[in-house]
Amino acid sequence: MVLVKKLVLDVLKPHQPNALEFCKALAEVGDNYSVNLMVIAVDEKTESVQIVVEAPSIDFDALQAVINKMGASLHSIDEVEVNNPSVDT
Amino acid sequence: MVLVKKLVLDVLKPHQPNALEFCKALAEVGDNYSVNLMVIAVDEKTESVQIVVEAPSIDFDALQAVINKMGASLHSIDEVEVNNPSVDT
Amino acid sequence: MVLVKKLVLDVLKPHQPNALEFCKALAEVGDNYSVNLMVIAVDEKTESVQIVVEAPSIDFDALQAVINKMGASLHSIDEVEVNNPSVDT
Amino acid sequence: MVLVKKLVLDVLKPHQPNALEFCKALAEVGDNYSVNLMVIAVDEKTESVQIVVEAPSIDFDALQAVINKMGASLHSIDEVEVNNPSVDT
Amino acid sequence: MVLVKKLVLDVLKPHQPNALEFCKALAEVGDNYSVNLMVIAVDEKTESVQIVVEAPSIDFDALQAVINKMGASLHSIDEVEVNNPSVDT
Amino acid sequence: MVLVKKLVLDVLKPHQPNALEFCKALAEVGDNYSVNLMVIAVDEKTESVQIVVEAPSIDFDALQAVINKMGASLHSIDEVEVNNPSVDT
Amino acid sequence: MVLVKKLVLDVLKPHQPNALEFCKALAEVGDNYSVNLMVIAVDEKTESVQIVVEAPSIDFDALQAVINKMGASLHSIDEVEVNNPSVDT
């Protein structure tokens with residue numbers, strides 16, 4: 001089974017919830033999720049953020065649901081890293 | 001529970017307390033806090049500083065209270081890093 | 001026997017399947033395949049992606065078959081790394 | 001107790017004492033002080049120097065006293081690094 | 001005896017054999033040859049490639065023979081690394 | 001006692017003695033001296049060189065005497081690194 | 001005794017002997033010599049090359065003799081690294 005190890009997401013979010021709350025909500029998707037968020041650009045009502053998620057096995061659909069639930073939208077997937085471990089590893 | 005490991009804050013502060021005192025006050029928020037402050041721009045009455053806080057578990061509300069108490073204001077959260085450790089770690 | 005260790009491919013793909021699904025399909029070609037995909041440019045109907053595949057022994061023909069099957073086309077091979085291990089290693 | 005680990009100071013000094021003597025005097029403030037001085041700009045009577053002080057626990061007031069005693073003036077504190085170790089460390 | 005450890009070659013090749021086949025043929029020159037090929041520029045009928053060969057002891061004449069046999073020409077040797085090990089090593 | 005660990009010197013030297021002889025003479029000042037010399041600019045009769053001296057404890061006066069004896073002049077001290085080890089180290 | 005550990009030489013050479021032969025001849029000066037040659041500029045009859053020689057103890061006079069014997073000329077010594085080991089090391 002192919003595991004998703006890393007995703008770099010370009011997300012447009014409202015100012016609230018703030019970057020910290022947003023980040024925490026994404027990390028709550030699963031154990032051992034690390035989430036790094038950097039603010040790229042700030043507009044009157046929204047901000048563009050780059051989000052890097054790393055985990056042993058990322059659940060993309062769950063991440064996307066959380067993003068939408070917080071009023072934000074996934075603009076693009078900018079980087080993907082996957083690995084197909086051998087069965088007996 | 002999601003732990004906040006790192007915050008990069010953009011803060012506008014008056015010249016007094018100076019960068020050193022400001023930094024110390026933030027580190028007093030908790031054990032094992034490391035705080036790095038860099039002066040970005042200096043104005044007549046204020047200076048813009050970038051503050052990087054790293055700790056095993058950062059208490060953001062406590063940091064913000066200290067910032068306000070010293071007459072400074074949090075301009076933006078520029079980077080956040082969180083981690084959701086597995087329960088049995 | 002010469003083993004192909006790394007390939008950097010320049011691929012033009014339709015927006016669907018998205019970057020994540022595309023990446024997963026490539027990694028399913030074999031055990032211990034690592035695939036990194038970065039979006040380079042986005043057009044109305046297509047996107048240019050750079051794909052880095054690393055594996056103990058890459059099967060290029062299988063990769064190309066998967067790329068074509070997903071409606072994408074291999075634009076060029078931009079980097080190749082091969083190794084000719086000694087027989088008794 | 002919060003420990004000051006690193007200070008980056010912007011200092012304006014007369015040509016005498018020279019960079020070497022200046023540096024040595026600062027390091028004499030305490031055991032295990034490391035001091036790095038770089039000349040940034042040279043004027044007719046003065047030179048701007050960047051001084052990086054690292055020590056297990058920097059005594060800022062003592063450093064400033066030495067700077068003043070040598071006819072130099074602290075122009076600004078450009079970077080501060082502090083740490084608040086846990087009590088039982 | 002002086003051993004050639006690394007060669008960086010600037011080669012002009014026809015599009016066929018492709019970069020992957022070209023690279024494999026070079027690595028077949030000897031055991032433990034690692035060959036990295038990067039496409040630098042693409043023309044209508046040819047492409048300029050930079051080839052980095054590393055091996056415990058590179059046989060330059062054999063490499064050049066393979067290059068010529070594939071219809072390509074060695075434009076220049078851009079970097080050489082040699083080592084003269086002591087006899088009792 | 002404060003030890004001088006590193007000095008970066010800007011020196012103007014005649015073409016003779018050449019860079020190699022110049023460098024050797026400086027290293028002869030003491031055991032475990034490492035000296036790196038880079039030619040920065042070349043004039044008709046002189047050349048500007050940057051000299052980096054590293055040693056467990058640099059004797060600056062001895063270095064300066066050697067520089068002068070070879071017909072060169074110390075233009076400036078561009079970087080200094082000192083350390084004040086604790087007595088019981 | 002001061003040992004020469006590294007030399008960076010700027011050399012003007014004819015096209016023949018080629019870079020590889022040139023490099024080998026320099027490495028034959030002594031055991032454990034590593035020689036790296038990079039072509040910097042190519043003219044009709046000559047090429048400028050930067051040569052980095054590293055060895056436990058470089059014999060500069062021998063290197064220069066080899067350079068001259070191959071019809072090339074040492075343009076300048078661009079970097080020197082020497083070390084004066086303590087006697088009992």
# chains A, B, ... in the order shown; residues from 1 in each chain; ligands from 1
>>> interface_residues(of="chain A", to="chain B", cutoff="8 Å", atoms="only C-alpha atoms", output="mmCIF file with N, CA and C atoms, in the first residue's frame")
data_model
loop_
_atom_site.group_PDB
_atom_site.id
_atom_site.type_symbol
_atom_site.label_atom_id
_atom_site.label_comp_id
_atom_site.auth_asym_id
_atom_site.auth_seq_id
_atom_site.Cartn_x
_atom_site.Cartn_y
_atom_site.Cartn_z
ATOM 1 N N ALA A 19 -3.770 31.445 12.395
ATOM 2 C CA ALA A 19 -2.824 30.447 11.898
ATOM 3 C C ALA A 19 -2.569 29.330 12.906
ATOM 4 N N LEU A 20 -2.526 29.707 14.159
ATOM 5 C CA LEU A 20 -2.238 28.713 15.188
ATOM 6 C C LEU A 20 -3.386 27.714 15.336
ATOM 7 N N CYS A 23 -3.641 25.430 12.288
ATOM 8 C CA CYS A 23 -2.572 24.432 12.311
ATOM 9 C C CYS A 23 -2.888 23.288 13.277
ATOM 10 N N LYS A 24 -3.379 23.670 14.428
ATOM 11 C CA LYS A 24 -3.725 22.658 15.434
ATOM 12 C C LYS A 24 -4.824 21.732 14.925
ATOM 13 N N ALA A 27 -3.464 19.164 12.606
ATOM 14 C CA ALA A 27 -2.649 18.139 13.269
ATOM 15 C C ALA A 27 -3.501 17.133 14.023
ATOM 16 N N GLU A 28 -4.721 17.571 14.394
ATOM 17 C CA GLU A 28 -5.613 16.661 15.130
ATOM 18 C C GLU A 28 -6.164 15.546 14.233
ATOM 19 N N GLY A 30 -4.590 13.167 12.941
ATOM 20 C CA GLY A 30 -4.067 11.846 13.293
ATOM 21 C C GLY A 30 -2.817 11.895 14.153
ATOM 22 N N ASP A 31 -2.466 10.760 14.727
ATOM 23 C CA ASP A 31 -1.256 10.667 15.553
ATOM 24 C C ASP A 31 -0.016 10.941 14.706
ATOM 25 N N ASN A 32 0.971 11.550 15.345
ATOM 26 C CA ASN A 32 2.270 11.792 14.717
ATOM 27 C C ASN A 32 2.209 12.674 13.475
ATOM 28 N N TYR A 33 1.158 13.478 13.389
ATOM 29 C CA TYR A 33 1.103 14.491 12.329
ATOM 30 C C TYR A 33 1.938 15.690 12.755
ATOM 31 N N SER A 34 2.822 16.151 11.885
ATOM 32 C CA SER A 34 3.507 17.423 12.088
ATOM 33 C C SER A 34 3.012 18.381 11.034
ATOM 34 N N VAL A 35 2.666 19.582 11.461
ATOM 35 C CA VAL A 35 2.121 20.559 10.529
ATOM 36 C C VAL A 35 2.889 21.864 10.675
ATOM 37 N N ASN A 36 3.371 22.359 9.548
ATOM 38 C CA ASN A 36 4.051 23.649 9.528
ATOM 39 C C ASN A 36 3.266 24.582 8.617
ATOM 40 N N LEU A 37 2.954 25.755 9.136
ATOM 41 C CA LEU A 37 2.189 26.724 8.343
ATOM 42 C C LEU A 37 2.985 28.010 8.217
ATOM 43 N N MET A 38 3.108 28.508 7.002
ATOM 44 C CA MET A 38 3.740 29.806 6.803
ATOM 45 C C MET A 38 2.782 30.725 6.073
ATOM 46 N N VAL A 39 2.663 31.942 6.570
ATOM 47 C CA VAL A 39 1.813 32.923 5.913
ATOM 48 C C VAL A 39 2.582 33.488 4.727
#
>>> select_by_dssp(residues="chain C", states="strand (DSSP E)", output="ChimeraX atom specification")
/C:3-14,33-42,46-54,73-84
>>> residues_around(residues="Pro14 in chain E", least_positions_apart="2", cutoff="7 Å", atoms="only C-alpha atoms", output="PDB file with N, CA, C and O atoms, in the first residue's frame")
ATOM      1  N   GLN E  16      18.196   9.874 -29.887  1.00  0.00           N
ATOM      2  CA  GLN E  16      18.186   8.413 -29.669  1.00  0.00           C
ATOM      3  C   GLN E  16      19.605   7.871 -29.752  1.00  0.00           C
ATOM      4  O   GLN E  16      20.334   8.256 -30.678  1.00  0.00           O
ATOM      5  N   LYS E  45      17.695  18.199 -33.387  1.00  0.00           N
ATOM      6  CA  LYS E  45      18.190  16.838 -33.601  1.00  0.00           C
ATOM      7  C   LYS E  45      19.138  16.327 -32.525  1.00  0.00           C
ATOM      8  O   LYS E  45      19.492  15.151 -32.502  1.00  0.00           O
ATOM      9  N   THR E  46      19.583  17.230 -31.672  1.00  0.00           N
ATOM     10  CA  THR E  46      20.580  16.833 -30.668  1.00  0.00           C
ATOM     11  C   THR E  46      20.231  17.404 -29.306  1.00  0.00           C
ATOM     12  O   THR E  46      19.381  18.276 -29.178  1.00  0.00           O
ATOM     13  N   GLU E  47      20.920  16.912 -28.294  1.00  0.00           N
ATOM     14  CA  GLU E  47      20.809  17.518 -26.968  1.00  0.00           C
ATOM     15  C   GLU E  47      22.182  17.533 -26.312  1.00  0.00           C
ATOM     16  O   GLU E  47      22.996  16.622 -26.505  1.00  0.00           O
ATOM     17  N   GLY E  71      26.837   7.467 -31.458  1.00  0.00           N
ATOM     18  CA  GLY E  71      26.600   8.602 -32.340  1.00  0.00           C
ATOM     19  C   GLY E  71      26.766   9.954 -31.666  1.00  0.00           C
ATOM     20  O   GLY E  71      26.376  10.989 -32.231  1.00  0.00           O
ATOM     21  N   ALA E  72      27.311   9.954 -30.494  1.00  0.00           N
ATOM     22  CA  ALA E  72      27.504  11.211 -29.772  1.00  0.00           C
ATOM     23  C   ALA E  72      28.973  11.608 -29.845  1.00  0.00           C
ATOM     24  O   ALA E  72      29.828  10.831 -30.256  1.00  0.00           O
TER      25      ALA E  72
END
>>> select_by_dssp(residues="chain F", states="helix (DSSP H, G or I)", output="list in words")
Ala19, Leu20, Glu21, Phe22, Cys23, Lys24, Ala25, Leu26, Ala27, Phe60, Asp61, Ala62, Leu63, Gln64, Ala65, Val66, Ile67, Asn68 and Lys69 of chain F
>>> write_last_selection(atoms="N, CA and C atoms", output="compact mmCIF listing (two decimals), in the first residue's frame")
# COMPACT_ATOMS: atom_id res chain seq x y z
N ALA F 19 52.94 33.89 -2.50
CA ALA F 19 51.90 33.53 -1.54
C ALA F 19 52.28 32.32 -0.70
N LEU F 20 52.94 31.37 -1.34
CA LEU F 20 53.29 30.15 -0.62
C LEU F 20 54.35 30.41 0.45
N GLU F 21 55.40 31.15 0.07
CA GLU F 21 56.45 31.44 1.05
C GLU F 21 55.92 32.31 2.19
N PHE F 22 55.03 33.24 1.83
CA PHE F 22 54.44 34.14 2.81
C PHE F 22 53.67 33.35 3.86
N CYS F 23 52.90 32.45 3.35
CA CYS F 23 52.04 31.61 4.19
C CYS F 23 52.86 30.73 5.14
N LYS F 24 53.87 30.14 4.58
CA LYS F 24 54.74 29.28 5.39
C LYS F 24 55.39 30.06 6.53
N ALA F 25 55.89 31.27 6.21
CA ALA F 25 56.55 32.07 7.23
C ALA F 25 55.60 32.38 8.39
N LEU F 26 54.35 32.65 8.06
CA LEU F 26 53.37 32.94 9.13
C LEU F 26 53.10 31.71 9.99
N ALA F 27 53.03 30.55 9.34
CA ALA F 27 52.73 29.33 10.09
C ALA F 27 53.89 28.94 11.01
N PHE F 60 49.61 37.43 18.23
CA PHE F 60 49.41 38.47 17.21
C PHE F 60 50.67 39.29 16.96
N ASP F 61 51.38 39.64 18.02
CA ASP F 61 52.57 40.48 17.84
C ASP F 61 53.61 39.76 16.99
N ALA F 62 53.76 38.46 17.21
CA ALA F 62 54.73 37.70 16.41
C ALA F 62 54.31 37.66 14.95
N LEU F 63 53.00 37.49 14.70
CA LEU F 63 52.51 37.48 13.31
C LEU F 63 52.82 38.82 12.63
N GLN F 64 52.55 39.90 13.35
CA GLN F 64 52.74 41.22 12.75
C GLN F 64 54.22 41.47 12.45
N ALA F 65 55.08 41.00 13.31
CA ALA F 65 56.53 41.16 13.08
C ALA F 65 56.94 40.43 11.80
N VAL F 66 56.40 39.22 11.59
CA VAL F 66 56.72 38.45 10.38
C VAL F 66 56.19 39.16 9.13
N ILE F 67 54.98 39.68 9.22
CA ILE F 67 54.38 40.40 8.09
C ILE F 67 55.28 41.58 7.68
N ASN F 68 55.68 42.36 8.66
CA ASN F 68 56.51 43.54 8.37
C ASN F 68 57.88 43.13 7.82
N LYS F 69 58.46 42.09 8.38
CA LYS F 69 59.79 41.64 7.97
C LYS F 69 59.79 41.24 6.49
>>> residues_around(residues="His75 in chain G", least_positions_apart="2", cutoff="7 Å", atoms="only C-alpha atoms", output="list in words")
Asp10, Val11, Leu12 and Ser73 of chain G
>>> write_last_selection(atoms="all heavy atoms", output="CSV table (one decimal), in the first residue's frame")
chain,number,residue,atom,x,y,z
G,10,ASP,N,46.1,28.8,-10.7
G,10,ASP,CA,45.5,29.2,-11.9
G,10,ASP,C,46.5,29.0,-13.0
G,10,ASP,O,47.6,29.6,-13.0
G,10,ASP,CB,45.2,30.7,-11.8
G,10,ASP,CG,44.6,31.4,-13.0
G,10,ASP,OD1,44.5,30.7,-14.0
G,10,ASP,OD2,44.3,32.6,-13.0
G,11,VAL,N,46.2,28.1,-14.0
G,11,VAL,CA,47.2,27.7,-14.9
G,11,VAL,C,46.7,27.9,-16.4
G,11,VAL,O,45.5,27.6,-16.6
G,11,VAL,CB,47.5,26.2,-14.7
G,11,VAL,CG1,48.3,25.6,-15.9
G,11,VAL,CG2,48.3,26.0,-13.4
G,12,LEU,N,47.5,28.3,-17.3
G,12,LEU,CA,47.2,28.4,-18.7
G,12,LEU,C,47.9,27.3,-19.4
G,12,LEU,O,49.1,27.1,-19.3
G,12,LEU,CB,47.7,29.8,-19.2
G,12,LEU,CG,47.2,30.1,-20.6
G,12,LEU,CD1,45.7,30.5,-20.5
G,12,LEU,CD2,48.0,31.3,-21.2
G,73,SER,N,51.8,27.2,-18.2
G,73,SER,CA,52.5,28.1,-17.3
G,73,SER,C,51.6,28.5,-16.1
G,73,SER,O,50.4,28.6,-16.2
G,73,SER,CB,52.8,29.4,-18.0
G,73,SER,OG,51.7,30.0,-18.5
>>> atom_distance(atom1="CA of Asn18 in chain D", atom2="CA of Val42 in chain D")
12.2 Å
>>> atom_distance(atom1="CA of His15 in chain D", atom2="CA of Asp43 in chain D")
9.0 Å
